[in-house]
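Shown here: final12.txt, compact mmCIF, C-alpha atoms.
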```txt
# COMPACT_ATOMS: atom_id res chain seq x y z
CA MET S 18 -43.19 -9.31 -22.61
CA PRO S 19 -40.73 -10.84 -25.17
CA ALA S 20 -40.16 -14.56 -24.79
CA ASP S 21 -36.47 -14.18 -23.87
CA HIS S 22 -37.29 -11.66 -21.18
CA ALA S 23 -40.08 -13.83 -19.80
CA SER S 24 -37.83 -16.90 -19.65
CA PHE S 25 -35.13 -15.01 -17.76
CA ALA S 26 -37.62 -13.33 -15.43
CA CYS S 27 -39.35 -16.57 -14.50
CA GLY S 28 -36.12 -18.53 -14.17
CA ALA S 29 -34.32 -15.90 -12.11
CA ALA S 30 -37.31 -15.49 -9.79
CA LEU S 31 -37.62 -19.26 -9.31
CA GLY S 32 -33.89 -19.58 -8.64
CA PHE S 33 -34.02 -16.73 -6.14
CA LEU S 34 -36.94 -18.38 -4.35
CA GLY S 35 -35.06 -21.67 -4.41
CA ASP S 36 -32.13 -20.06 -2.63
CA LEU S 37 -34.50 -18.54 -0.07
CA ALA S 38 -36.07 -21.93 0.56
CA THR S 39 -33.02 -24.17 0.67
CA GLY S 40 -29.78 -22.21 0.69
CA ASP S 41 -26.64 -24.09 -0.28
CA PRO S 42 -26.58 -27.87 0.19
CA ARG S 43 -23.97 -29.31 2.53
CA ARG S 44 -22.65 -31.59 -0.21
CA GLY S 45 -22.64 -31.63 -3.98
CA HIS S 46 -22.87 -27.90 -4.59
CA PRO S 47 -21.86 -26.92 -8.16
CA VAL S 48 -19.65 -24.08 -6.89
CA ALA S 49 -17.76 -26.53 -4.69
CA ALA S 50 -17.26 -28.80 -7.71
CA PHE S 51 -15.88 -25.85 -9.66
CA GLY S 52 -13.56 -25.06 -6.77
CA ARG S 53 -12.16 -28.58 -6.80
CA ALA S 54 -11.57 -28.39 -10.54
CA ALA S 55 -9.86 -25.00 -10.19
CA ALA S 56 -7.67 -26.34 -7.38
CA ALA S 57 -6.66 -29.29 -9.56
CA ALA S 58 -5.76 -26.91 -12.40
CA GLU S 59 -3.77 -24.78 -9.97
CA ARG S 60 -1.69 -27.76 -8.88
CA ARG S 61 -0.60 -28.27 -12.49
CA LEU S 62 -0.20 -24.65 -13.52
CA TRP S 63 1.10 -22.87 -10.44
CA ARG S 64 4.21 -20.78 -10.93
CA ASP S 65 5.20 -17.60 -9.15
CA HIS S 66 4.33 -15.73 -12.33
CA ARG S 67 1.47 -13.53 -13.49
CA GLY S 68 1.30 -15.19 -16.88
CA TYR S 69 0.59 -18.62 -15.44
CA GLY S 70 -2.00 -17.08 -13.14
CA ALA S 71 -3.68 -15.42 -16.11
CA LEU S 72 -3.72 -18.75 -17.92
CA HIS S 73 -5.30 -20.41 -14.88
CA THR S 74 -7.94 -17.69 -14.66
CA ALA S 75 -8.74 -17.84 -18.38
CA LEU S 76 -8.95 -21.64 -18.33
CA CYS S 77 -11.21 -21.84 -15.27
CA ALA S 78 -13.46 -18.81 -15.65
CA GLY S 79 -13.53 -18.93 -19.43
CA GLY S 80 -14.18 -22.66 -19.40
CA ALA S 81 -17.10 -22.27 -16.99
CA ALA S 82 -18.70 -19.50 -19.06
CA ALA S 83 -18.12 -21.37 -22.32
CA GLY S 84 -19.63 -24.55 -20.90
CA ALA S 85 -22.68 -22.59 -19.76
CA ALA S 86 -23.00 -21.05 -23.22
CA LEU S 87 -22.87 -24.46 -24.90
CA LEU S 88 -25.47 -25.81 -22.50
CA THR S 89 -27.71 -22.82 -23.19
CA ARG S 90 -27.43 -23.39 -26.93
CA ALA S 91 -28.24 -27.06 -26.51
CA VAL S 92 -31.34 -26.25 -24.46
CA ARG S 93 -32.57 -23.85 -27.15
CA GLY S 94 -32.55 -26.71 -29.62
CA LEU S 95 -34.93 -28.84 -27.56
CA ASP S 96 -38.65 -29.22 -28.15
CA GLY S 97 -40.53 -27.15 -25.61
CA ARG S 98 -37.43 -25.06 -25.13
CA ARG S 99 -39.22 -22.28 -23.21
CA GLY S 100 -39.76 -24.50 -20.22
CA ALA S 101 -36.23 -25.87 -20.51
CA GLU S 102 -34.77 -22.35 -20.64
CA VAL S 103 -36.70 -21.36 -17.53
CA ALA S 104 -35.51 -24.49 -15.72
CA LEU S 105 -31.88 -23.91 -16.74
CA THR S 106 -31.97 -20.27 -15.67
CA ALA S 107 -33.60 -21.23 -12.37
CA ALA S 108 -30.98 -23.91 -11.69
CA ALA S 109 -28.11 -21.57 -12.56
CA THR S 110 -29.53 -18.74 -10.45
CA TRP S 111 -29.99 -21.03 -7.46
CA ALA S 112 -26.45 -22.39 -7.89
CA VAL S 113 -24.73 -19.00 -7.96
CA LEU S 114 -26.71 -17.18 -5.28
CA GLY S 115 -25.60 -17.43 -1.67
CA GLY S 116 -27.80 -14.99 0.20
CA THR S 117 -29.56 -17.51 2.42
CA SER S 118 -26.40 -19.33 3.42
CA LEU S 119 -24.75 -15.95 4.08
CA GLY S 120 -27.55 -15.06 6.48
CA ARG S 121 -27.37 -18.43 8.22
CA ALA S 122 -23.61 -18.18 8.75
CA ALA S 123 -23.91 -14.62 10.05
CA ARG S 124 -26.74 -15.55 12.43
CA ALA S 125 -24.68 -18.44 13.80
CA VAL S 126 -21.91 -16.05 14.80
CA GLY S 127 -24.38 -13.45 16.04
CA GLY S 128 -26.19 -16.02 18.18
CA ALA S 129 -22.94 -17.10 19.81
CA LEU S 130 -22.02 -13.49 20.55
CA ALA S 131 -25.46 -12.79 22.01
CA ALA S 132 -25.06 -15.82 24.27
CA GLY S 133 -21.65 -14.59 25.40
CA ASP S 134 -19.86 -17.59 23.92
CA LEU S 135 -16.83 -15.95 22.33
CA GLU S 136 -15.07 -19.23 21.55
CA VAL S 137 -18.00 -20.55 19.49
CA ALA S 138 -18.20 -17.21 17.69
CA ARG S 139 -14.52 -17.50 16.83
CA GLU S 140 -15.02 -21.06 15.57
CA ARG S 141 -17.85 -19.98 13.26
CA LEU S 142 -16.34 -16.77 11.91
CA PRO S 143 -14.13 -18.50 9.29
CA HIS S 144 -17.32 -19.61 7.53
CA LEU S 145 -17.78 -15.94 6.64
CA CYS S 146 -14.33 -14.43 6.18
CA GLY S 147 -10.63 -15.19 6.29
CA ARG S 148 -9.68 -13.07 9.29
CA ASP S 149 -7.80 -14.53 12.22
CA PRO S 150 -10.62 -15.05 14.77
CA GLN S 151 -8.24 -15.56 17.70
CA ALA S 152 -7.08 -11.96 17.33
CA LEU S 153 -10.61 -10.56 17.64
CA ASP S 154 -12.77 -9.73 20.64
CA GLY S 155 -16.57 -9.68 20.64
CA PRO S 156 -17.11 -6.20 19.11
CA GLN S 157 -14.45 -6.87 16.49
CA ILE S 158 -16.11 -10.15 15.53
CA ALA S 159 -19.48 -8.38 15.24
CA ARG S 160 -17.87 -5.76 13.02
CA ALA S 161 -16.27 -8.45 10.85
CA VAL S 162 -19.64 -10.16 10.40
CA VAL S 163 -21.42 -6.96 9.34
CA GLU S 164 -18.62 -6.14 6.90
CA SER S 165 -18.78 -9.66 5.47
CA VAL S 166 -22.57 -9.51 5.11
CA ALA S 167 -22.24 -6.22 3.23
CA GLU S 168 -19.46 -7.36 0.90
CA ASN S 169 -21.01 -10.76 0.19
CA THR S 170 -24.38 -9.21 -0.56
CA SER S 171 -22.64 -7.77 -3.60
CA ASP S 172 -20.52 -10.81 -4.41
CA ALA S 173 -23.00 -13.60 -3.70
CA VAL S 174 -26.26 -11.98 -4.74
CA VAL S 175 -26.35 -8.65 -6.56
CA GLY S 176 -23.32 -9.08 -8.81
CA ALA S 177 -24.54 -12.44 -10.05
CA LEU S 178 -27.99 -11.06 -10.84
CA VAL S 179 -26.48 -8.11 -12.73
CA TRP S 180 -24.38 -10.38 -14.93
CA GLY S 181 -27.33 -12.70 -15.37
CA ALA S 182 -29.28 -9.76 -16.74
CA VAL S 183 -26.42 -8.98 -19.14
CA GLY S 184 -25.51 -12.47 -20.28
CA GLY S 185 -28.14 -14.93 -19.13
CA VAL S 186 -26.89 -18.29 -17.82
CA PRO S 187 -23.30 -17.78 -19.09
CA GLY S 188 -23.26 -14.43 -17.29
CA LEU S 189 -24.45 -15.99 -14.05
CA ILE S 190 -21.95 -18.85 -14.20
CA GLY S 191 -19.06 -16.75 -15.46
CA PHE S 192 -19.43 -14.18 -12.68
CA ARG S 193 -19.60 -16.84 -9.99
CA ALA S 194 -16.51 -18.55 -11.42
CA VAL S 195 -14.54 -15.29 -11.37
CA ASN S 196 -15.66 -14.51 -7.83
CA THR S 197 -14.77 -18.02 -6.64
CA LEU S 198 -11.32 -17.83 -8.22
CA ASP S 199 -10.68 -14.52 -6.48
CA ALA S 200 -11.59 -16.10 -3.15
CA MET S 201 -9.23 -18.99 -3.85
CA VAL S 202 -6.15 -17.30 -5.28
CA GLY S 203 -6.72 -13.53 -5.28
CA HIS S 204 -4.75 -12.98 -2.07
CA LYS S 205 -1.70 -10.84 -1.40
CA SER S 206 0.14 -13.74 0.19
CA SER S 207 3.60 -14.80 -0.95
CA ARG S 208 2.10 -17.72 -2.92
CA TYR S 209 -0.59 -15.78 -4.75
CA ARG S 210 0.74 -12.23 -5.03
CA ARG S 211 1.69 -12.87 -8.67
CA PHE S 212 -0.24 -16.02 -9.56
CA GLY S 213 -3.52 -14.60 -8.26
CA TRP S 214 -3.12 -11.14 -9.75
CA ALA S 215 -5.23 -11.82 -12.84
CA ALA S 216 -8.07 -13.38 -10.85
CA ALA S 217 -8.12 -10.44 -8.43
CA ARG S 218 -8.12 -7.81 -11.18
CA LEU S 219 -10.79 -9.62 -13.18
CA ASP S 220 -12.94 -9.86 -10.06
CA ASP S 221 -12.53 -6.10 -9.52
CA VAL S 222 -13.81 -5.46 -13.05
CA ALA S 223 -16.66 -7.99 -12.89
CA GLY S 224 -17.73 -6.83 -9.45
CA TRP S 225 -17.79 -3.11 -10.25
CA PRO S 226 -21.43 -2.77 -11.45
CA GLY S 227 -22.86 -5.06 -8.77
CA ALA S 228 -21.04 -3.21 -6.01
CA ARG S 229 -22.43 0.17 -7.11
CA LEU S 230 -25.93 -1.25 -7.43
CA THR S 231 -25.61 -2.83 -3.97
CA ALA S 232 -24.52 0.48 -2.47
CA ALA S 233 -27.36 2.33 -4.18
CA LEU S 234 -29.99 -0.19 -3.07
CA ALA S 235 -28.64 -0.23 0.50
CA THR S 236 -28.96 3.54 0.50
CA LEU S 237 -32.55 3.36 -0.71
CA ALA S 238 -33.65 0.40 1.41
CA GLY S 239 -31.78 1.10 4.64
CA PRO S 240 -33.13 2.87 7.72
CA ASP S 241 -30.93 5.97 7.16
CA PRO S 242 -30.67 6.86 3.45
CA ARG S 243 -28.88 10.15 4.12
CA GLY S 244 -26.33 8.51 6.36
CA ALA S 245 -25.74 5.76 3.82
CA TRP S 246 -25.26 8.22 0.97
CA ARG S 247 -22.95 10.40 3.05
CA ALA S 248 -20.75 7.48 4.13
CA TRP S 249 -20.65 6.07 0.59
CA ARG S 250 -19.67 9.43 -0.89
CA HIS S 251 -17.09 10.38 1.73
CA ASP S 252 -15.56 7.07 2.80
CA GLY S 253 -16.15 4.41 0.16
CA ARG S 254 -13.28 5.48 -2.08
CA HIS S 255 -10.73 5.23 0.75
CA HIS S 256 -11.15 1.46 1.15
CA PRO S 257 -8.34 -0.63 -0.42
CA SER S 258 -10.93 -2.62 -2.38
CA PRO S 259 -12.65 -0.62 -5.15
CA ASN S 260 -15.82 -2.68 -4.73
CA ALA S 261 -15.97 -3.51 -1.02
CA GLY S 262 -15.50 0.17 -0.16
CA PRO S 263 -18.80 1.55 -1.52
CA VAL S 264 -20.76 -1.46 -0.25
CA GLU S 265 -19.37 -1.48 3.30
CA ALA S 266 -19.58 2.31 3.56
CA SER S 267 -23.24 2.38 2.49
CA PHE S 268 -24.13 -0.40 4.93
CA ALA S 269 -22.27 1.41 7.71
CA GLY S 270 -24.15 4.64 7.06
CA ALA S 271 -27.50 2.90 6.62
CA LEU S 272 -27.12 1.02 9.93
CA GLY S 273 -25.54 3.94 11.79
CA VAL S 274 -22.44 1.95 12.75
CA ARG S 275 -18.70 2.38 12.34
CA LEU S 276 -16.85 -0.13 10.16
CA GLY S 277 -13.25 -0.51 9.04
CA GLY S 278 -10.11 -0.03 11.12
CA THR S 279 -7.41 -2.50 12.08
CA LEU S 280 -7.84 -6.18 11.23
CA ALA S 281 -5.75 -9.35 10.97
CA TYR S 282 -6.12 -11.17 7.68
CA GLY S 283 -4.12 -14.03 6.23
CA GLY S 284 -1.28 -13.61 8.69
CA ARG S 285 -1.07 -9.85 8.06
CA VAL S 286 -2.26 -6.85 10.04
CA GLU S 287 -4.03 -4.24 7.94
CA HIS S 288 -5.02 -0.74 9.01
CA ARG S 289 -8.02 0.14 6.89
CA PRO S 290 -9.76 3.51 6.91
CA VAL S 291 -12.76 3.95 9.15
CA LEU S 292 -16.11 3.97 7.36
CA ASN S 293 -18.82 6.24 8.77
CA SER S 294 -16.62 7.59 11.55
CA GLY S 295 -19.58 9.28 13.21
CA GLY S 296 -21.35 5.96 13.76
CA ARG S 297 -21.35 3.91 16.91
CA PRO S 298 -19.41 0.64 17.42
CA VAL S 299 -21.05 -2.49 16.04
CA GLU S 300 -23.10 -4.56 18.49
CA PRO S 301 -24.26 -8.19 18.11
CA ALA S 302 -27.82 -6.99 17.44
CA ASP S 303 -26.56 -5.13 14.36
CA ILE S 304 -25.78 -8.45 12.70
CA GLU S 305 -29.49 -9.23 12.34
CA ARG S 306 -30.12 -5.69 11.09
CA ALA S 307 -27.42 -6.17 8.45
CA ILE S 308 -28.95 -9.50 7.39
CA ARG S 309 -32.38 -7.92 6.97
CA LEU S 310 -30.90 -5.08 4.93
CA SER S 311 -29.03 -7.62 2.79
CA ARG S 312 -32.27 -9.48 2.12
CA ARG S 313 -34.07 -6.30 1.07
CA VAL S 314 -31.20 -5.37 -1.24
CA GLY S 315 -31.30 -8.84 -2.82
CA VAL S 316 -35.03 -8.64 -3.55
CA LEU S 317 -34.65 -5.19 -5.07
CA ALA S 318 -31.67 -6.34 -7.14
CA LEU S 319 -33.76 -9.16 -8.57
CA GLY S 320 -36.42 -6.69 -9.63
CA VAL S 321 -33.89 -4.27 -11.12
CA SER S 322 -32.12 -7.05 -13.03
CA ILE S 323 -35.33 -8.36 -14.52
CA ALA S 324 -36.54 -4.89 -15.47
CA ALA S 325 -33.20 -3.83 -16.93
CA ARG S 326 -32.48 -6.97 -18.97
CA PRO S 327 -34.00 -5.78 -22.28
CA VAL S 328 -32.04 -2.52 -22.07
CA LEU S 329 -28.80 -4.29 -21.13
CA ARG S 330 -29.21 -6.79 -23.95
CA ALA S 331 -29.64 -3.94 -26.41
CA LEU S 332 -26.63 -2.03 -25.06
CA THR S 333 -24.40 -5.10 -25.29
CA GLY S 334 -25.31 -5.56 -28.94
CA ARG S 335 -27.67 -8.53 -28.62
CA PRO S 336 -31.13 -7.07 -29.42
CA ARG S 337 -31.93 -9.73 -32.03
CA ALA S 338 -31.98 -12.43 -29.33
CA LEU S 339 -35.18 -10.92 -28.01
CA GLY S 340 -37.04 -12.38 -30.90
CA ARG S 341 -35.28 -15.75 -30.86
CA GLY S 342 -35.65 -16.76 -27.24
CA GLY S 343 -31.99 -16.25 -26.31
CA GLY S 344 -30.80 -17.33 -22.85
```
Would you encode the structure as structure tokens?
Amino acid sequence: MPADHASFACGAALGFLGDLATGDPRRGHPVAAFGRAAAAAERRLWRDHRGYGALHTALCAGGAAAGAALLTRAVRGLDGRRGAEVALTAAATWAVLGGTSLGRAARAVGGALAAGDLEVARERLPHLCGRDPQALDGPQIARAVVESVAENTSDAVVGALVWGAVGGVPGLIGFRAVNTLDAMVGHKSSRYRRFGWAAARLDDVAGWPGARLTAALATLAGPDPRGAWRAWRHDGRHHPSPNAGPVEASFAGALGVRLGGTLAYGGRVEHRPVLNSGGRPVEPADIERAIRLSRRVGVLALGVSIAARPVLRALTGRPRALGRGGG
């Protein structure tokens, strides 16, 4: 195994295990620090204009990726750089992954629903998604949780690993920065409809490969591969999000449940297409099933990313780095 590939494989696996063991810390998380910096930049740059939003996106996402690239180059210049490269990759992977925290937040809502405590479930739902919890009943909350688990499996796990395989530490950090910016400003609200346009479109592009890999792995790893494939093929393209559609549809088919429909989000009511219309309504017990499927997809994505890295590096025009210990 080439040295570059070995460094990435070891670092990514260690970072993945670190996320499994600890999840996100309550304080001092690097993504939260990035969010504060992006919010500070927004306060200075905000205008109701796409150009200023594009500048904000380029400054924040580009700055994060460039900083990661400079750090990677600095690490390569150290004595004993192999160990340092593994440590840097492990730290970056742990920082950008959110699978364990996603499962914890989903279980908290699912536990409240199972106990019949709808108010607690409503209080905890905002930790997962931006929907108005007061407008949702128990089955609607359960559906929102399963949809959020599906979408965030792509955003918080698989997409990051894919870009890590392509670009090493800068790929990991850059993808997470883009995804975080989309969550912050990529809304269709009056404030962000223009300013957040660039962040939302860039997130669509960056999330495309991870979403398709997530859908494929959910189809392979889920309890109903045929149902997952059928829902993905028939319903995924009808979702307003080009990336959430395939992921949510494949999860719906794999779990045998019906997702989509009417929801309240950010002060708006949206009528989304139904995914896997032949499925049954979501129940609280399906939340745990979705979490387990998400975990299986994450493990498989780690393996695929490690195995595919040499090919991806060659396709992106960086084959010489294999002999130099690139990040």
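Neighbours of region 100-117 of chain S closer than or equal to 6 Å, with all atoms listed in the file counted and sequence neighbours fewer than 5 positions away skipped, come out as Ser24, Gly28, Ala29, Leu31, Gly32, Gly35, Asp36, Leu37, Gly40, Ala173, Val174, Val186 and Arg193 of chain S.
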**Atom-to-atom span, CA of His144 (chain S) and CA of Ala161 (chain S), Å** =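 Separation between CA of His144 (chain S) and CA of Ala161 (chain S): 11.7 Å.
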**Item:** For Pro259 (chain S): contacts at 9 Å, only C-alpha atoms, fewer than 6 positions along chain excluded, given as a ChimeraX atom specification
**Value:** /S:221,225,228,253
**Fill in**
Shortest contact to Gly70 (chain S), candidates S:His255, S:Arg139, S:Arg211, S:His46, atoms counted all atoms listed in the file, goes to S:Arg211
**Message:** My list of candidates is S:Thr89, S:Thr74, S:Ser165, S:Ser322. Which is closest to Val202 (chain S) when distances are computed with all atoms listed in the file?
**Reply:**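 Of S:Thr89, S:Thr74, S:Ser165, S:Ser322, the one nearest Val202 (chain S) is S:Thr74, counting all atoms listed in the file.
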**Message:** Excluding region 122-127 of chain S and its own-chain neighbours fewer than 5 positions away, which residues fall within 7 Å of it when counting all atoms listed in the file? Please give them as a PyMOL selection string.
**Reply:** chain S and resi 138+141-142+144-145+162+301+304-305
For C-alpha atoms, I'd like the residues from the last selection saved as a PDB file, in the coordinates of the input.
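So result18.pdb came out as:
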```
ATOM      1  CA  ALA S 138     -18.200 -17.210  17.690  1.00  0.00           C
ATOM      2  CA  ARG S 141     -17.850 -19.980  13.260  1.00  0.00           C
ATOM      3  CA  LEU S 142     -16.340 -16.770  11.910  1.00  0.00           C
ATOM      4  CA  HIS S 144     -17.320 -19.610   7.530  1.00  0.00           C
ATOM      5  CA  LEU S 145     -17.780 -15.940   6.640  1.00  0.00           C
ATOM      6  CA  VAL S 162     -19.640 -10.160  10.400  1.00  0.00           C
ATOM      7  CA  PRO S 301     -24.260  -8.190  18.110  1.00  0.00           C
ATOM      8  CA  ILE S 304     -25.780  -8.450  12.700  1.00  0.00           C
ATOM      9  CA  GLU S 305     -29.490  -9.230  12.340  1.00  0.00           C
TER      10      GLU S 305
END
```
**Message:** Could you check the closest approach to Val316 (chain S) for each of S:Leu234, S:Leu332, S:Leu72, S:Arg64 and tell me which residue wins, using only C-alpha atoms?
**Reply:**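 The shortest atom-to-atom distance to Val316 (chain S) comes from S:Leu234.
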Would you mind putting back N, CA, C and O atoms on region 95-110 of chain S, then writing it out as a tab-separated table (two decimals), in the frame of the given file?
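Below is the file part13.tsv, written as the result:
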```tsv
chain	number	residue	atom	x	y	z
S	95	LEU	N	-33.99	-27.81	-27.99
S	95	LEU	CA	-34.93	-28.84	-27.56
S	95	LEU	C	-36.36	-28.47	-27.91
S	95	LEU	O	-36.71	-27.29	-28.04
S	96	ASP	N	-37.21	-29.48	-28.05
S	96	ASP	CA	-38.65	-29.22	-28.15
S	96	ASP	C	-39.13	-28.70	-26.80
S	96	ASP	O	-38.70	-29.15	-25.74
S	97	GLY	N	-40.06	-27.75	-26.86
S	97	GLY	CA	-40.53	-27.15	-25.61
S	97	GLY	C	-39.43	-26.40	-24.89
S	97	GLY	O	-39.29	-26.48	-23.68
S	98	ARG	N	-38.63	-25.66	-25.70
S	98	ARG	CA	-37.43	-25.06	-25.13
S	98	ARG	C	-37.75	-23.96	-24.12
S	98	ARG	O	-36.90	-23.64	-23.29
S	99	ARG	N	-38.91	-23.35	-24.17
S	99	ARG	CA	-39.22	-22.28	-23.21
S	99	ARG	C	-39.16	-22.81	-21.79
S	99	ARG	O	-38.53	-22.21	-20.92
S	100	GLY	N	-39.80	-23.92	-21.56
S	100	GLY	CA	-39.76	-24.50	-20.22
S	100	GLY	C	-38.36	-24.92	-19.82
S	100	GLY	O	-37.95	-24.76	-18.67
S	101	ALA	N	-37.60	-25.46	-20.80
S	101	ALA	CA	-36.23	-25.87	-20.51
S	101	ALA	C	-35.35	-24.67	-20.20
S	101	ALA	O	-34.48	-24.73	-19.32
S	102	GLU	N	-35.55	-23.56	-20.91
S	102	GLU	CA	-34.77	-22.35	-20.64
S	102	GLU	C	-35.07	-21.80	-19.25
S	102	GLU	O	-34.16	-21.37	-18.53
S	103	VAL	N	-36.34	-21.81	-18.88
S	103	VAL	CA	-36.70	-21.36	-17.53
S	103	VAL	C	-36.04	-22.24	-16.48
S	103	VAL	O	-35.48	-21.76	-15.49
S	104	ALA	N	-36.10	-23.56	-16.69
S	104	ALA	CA	-35.51	-24.49	-15.72
S	104	ALA	C	-34.00	-24.30	-15.62
S	104	ALA	O	-33.44	-24.31	-14.51
S	105	LEU	N	-33.33	-24.11	-16.77
S	105	LEU	CA	-31.88	-23.91	-16.74
S	105	LEU	C	-31.52	-22.61	-16.03
S	105	LEU	O	-30.59	-22.58	-15.21
S	106	THR	N	-32.24	-21.54	-16.33
S	106	THR	CA	-31.97	-20.27	-15.67
S	106	THR	C	-32.23	-20.37	-14.17
S	106	THR	O	-31.46	-19.83	-13.36
S	107	ALA	N	-33.30	-21.05	-13.80
S	107	ALA	CA	-33.60	-21.23	-12.37
S	107	ALA	C	-32.50	-22.00	-11.66
S	107	ALA	O	-32.05	-21.63	-10.56
S	108	ALA	N	-32.04	-23.09	-12.30
S	108	ALA	CA	-30.98	-23.91	-11.69
S	108	ALA	C	-29.69	-23.11	-11.56
S	108	ALA	O	-29.00	-23.17	-10.53
S	109	ALA	N	-29.34	-22.35	-12.61
S	109	ALA	CA	-28.11	-21.57	-12.56
S	109	ALA	C	-28.20	-20.46	-11.51
S	109	ALA	O	-27.24	-20.21	-10.77
S	110	THR	N	-29.36	-19.81	-11.44
S	110	THR	CA	-29.53	-18.74	-10.45
S	110	THR	C	-29.42	-19.29	-9.05
S	110	THR	O	-28.73	-18.72	-8.18
```
